[in-house]
Structures are given as structure tokens and as C-alpha cells.
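Worksheet: one structure, shown below.
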Amino acid sequence: MRIFAFLCGAFLMAASPAQAIEFINPLSIIKGAVEAAVEDRASEDIAKDLAIKATFTKEVIGKMGGDVISISADVYEQDVMLTGAVETGKQRSQAEKLTRKIQDVKKIYNEIRVIKALGKKKGAVENFVDDTLIESKINALLLDGKGVNVTNFRWRSVGGHVYLFGRALSGTEKNKASGIVKDIKDVVSVKNLAKVKPKK
């Protein structure tokens with residue numbers, strides 16, 4: 001537990017102000033550090049995905065900065081899922097436009113939610129805590145779920161709206177992952193964008 005707290009603390013201290021708008025569940029840091037060894041992406045895909053993610057942080061979050069509530073990008077085999085919350089449709093479009101300029105990006109799923117000023121009464125910080133709890137439950141339940149290769153999946157919760165992304169080895173696995181998430185308390189909706197791609 002002390003090691004976990006140290007890793008999370010170190011990550012937060014290292015984040016720049018621009019990076020702070022990309023809310024990250026600390027559990028995903030641990031998952032991301034080990035998943036490359038066991039998941040089904042090729043090493044070349046992993047390298048390209050990491051490069052896209054790094055460029056996104058610099059070129060999208062860095063340019064849009066504190067003008068938005070939150071933006072996150074998940075990358076799998078050069079497909080990108082954008083999630084988070086902004087105040088205007090123009091900001092939503094801008095995030096996608098900037099992402100399209102990144103080298104090697106194949107497809108973009110723009111799931112960023114537009115939340116008007118009146119919809120922010122709870123505050124971004126409180127929403128972050130709620131979504132972090134949901135994402136933590138997803139991590140635990142998918143990890144325990146038989147028939148779901150959790151290392152191939154990514155997930156984000158935005159105000160209780162959950163987006164699944166990555167790869168399912170079968171339609172059955174994809175549906176099972178959706179079913180597990182739907183039963184979590186406070187989940188409002190589930191959108192499963194994971195591609196179905198069996199092992200070769």
C-alpha cells in the first residue's frame with residue numbers, strides 16, 4: 001500500500017498544469033505498467049500507441065490547457081478514443097481536429113461530452129472522485145470476470161457514462177464486459193467501442 005501511494009504521489013507531482021486536465025485513475029497507472037507483457041498487441045503497436053499518447057498530451061492537452069474541464073485519450077492499435085467533458089461543441093471539435101494531426105492515428109472515436117456551465121454545479125473535482133470509484137470497480141470486476149481478457153480493454157467513466165475501448169477476442173467477450181459494467185452502482189450508461197478481433 002505504501003508503494004502504491006508513493007507511485008501515485010510521484011505521478012501527480014510530476015504532472016504539469018496542462019496535464020492536470022487529463023484525469024487518470026491511479027489504478028490504471030499500475031495496469032498500464034504491466035499490461036504490455038501479457039496483452040495481444042504487437043510490440044510495434046504498443047510503441048506507436050505510446051508515441052500517440054505522448055503526442056496527444058503535448059499537442060492537444062498542452063494547447064487546449066485550462067480552457068476545458070477534462071480531456072482524456074485512450075489508444076489501442078492506433079485507434080484513439082477521446083473522452084472527458086468540455087463546455088462547447090467547438091472545443092469538442094477542436095480536440096478531435098488536433099488529434100487527427102498526430103502521426104499514425106488511424107481512427108478517432110470522439111466521445112467527449114459537452115456540459116454546459118449549469119451542469120457543472122457539482123464541480124469537476126467531485127465528478128472526478130465519483131468516476132474514479134466507478135473505474136476502480138470496473139478494474140476489479142473485469143479482472144475477476146472469467147472470459148474477459150482485461151489487459152485488452154480500456155475504460156473511462158464521465159459522470160457515470162462508461163466507455164469501453166480496446167479489443168475483445170469474441171462477441172461473447174465483448175458482451176460479457178458490457179454486462180459486468182452495466183451492473184455497477186452509479187453507472188448511467190455503457191458504450192462498448194472495443195473491436196472484435198480473434199487471436200490469429
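Please note that chains go A, B, ... in the order of the C-alpha cells, that every chain numbers its residues from 1, and that ligands are numbered from 1 in the order shown.
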
Could you pull the residues within 7 Å of Arg113 in chain A, counting only C-alpha atoms, minus those fewer than 2 positions along the same chain, as an NGL selection string?
-> :A and (84-86 or 111 or 115)

Export of the given selection (N, CA and C atoms) as a compact mmCIF listing (two decimals), in the first residue's frame:
```txt
# COMPACT_ATOMS: atom_id res chain seq x y z
N GLY A 84 -14.09 12.69 -21.84
CA GLY A 84 -13.93 13.84 -20.95
C GLY A 84 -15.11 14.77 -21.08
N ALA A 85 -14.91 16.03 -20.68
CA ALA A 85 -16.00 17.00 -20.71
C ALA A 85 -15.48 18.37 -21.09
N VAL A 86 -16.24 19.04 -21.94
CA VAL A 86 -15.93 20.41 -22.35
C VAL A 86 -17.22 21.22 -22.28
N GLU A 111 -15.89 10.77 -28.02
CA GLU A 111 -16.96 10.59 -27.03
C GLU A 111 -16.91 11.68 -25.96
N ILE A 115 -20.78 19.71 -21.62
CA ILE A 115 -21.51 20.01 -20.39
C ILE A 115 -21.58 21.51 -20.22
```

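Every protein, DNA or RNA residue with an atom at most 9 Å from range 49-53 of chain A, where only C-alpha atoms count and chain neighbours fewer than 5 positions away do not, is listed here: Glu44, Lys58, Ala73, Asp74, Val75, Tyr76, Glu77, Gln78, Asp79, Val80, Thr99, Ile102, Gln103, Asp104 and Val105 of chain A.
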
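Shell of Asn139 in chain A at 10 Å, with only C-alpha atoms counted and residues fewer than 2 places along the chain excluded, is Leu27, Ser28, Lys31, Leu133, Ile134, Glu135, Ser136, Lys137, Leu141, Leu142, Leu143, Asp144, Gly145, Val150, Thr151, Phe153, Arg154, Trp155 and Val181 of chain A.
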
Mind checking which residues fall within 12 Å of Asn175 in chain A, counting only C-alpha atoms, ignoring those fewer than 3 positions away in the same chain, and posting them as a PyMOL selection string?
-> chain A and resi 147-148+164+167-172+178-182+190-196

If you run DSSP on the backbone, which residues of range 77-121 of chain A are alpha helix (DSSP H), as a VMD selection string?
-> chain A and resid 89 to 100

Could you pull the residues within 12 Å of Thr88 in chain A, counting only C-alpha atoms, minus those fewer than 6 positions along the same chain, as a VMD selection string?
-> chain A and resid 67 to 69 94 to 95 112 to 117

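Among the candidates A:Glu87, A:Lys176, A:Asn149, A:Lys185, the one nearest to Asp131 in chain A when counting only C-alpha atoms is A:Lys185.
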
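Candidate residues A:Val60, A:Asp40, A:Lys174, A:Val162 were compared for distance to Ser189 in chain A, and the nearest is A:Val162, using only C-alpha atoms.
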
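Note that DSSP on the backbone gives strand (DSSP E or B) to these residues of range 125-185 of chain A: A:Phe153, A:Arg154, A:Trp155, A:Arg156, A:Ser157, A:Val158, A:His161, A:Val162, A:Tyr163, A:Leu164, A:Phe165, A:Gly166, A:Arg167, A:Ala168.
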
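In this comparison, which uses only C-alpha atoms, the residue of A:Lys106, A:Ala54, A:Ala177, A:Met64 approaching Lys90 in chain A most closely is A:Met64.
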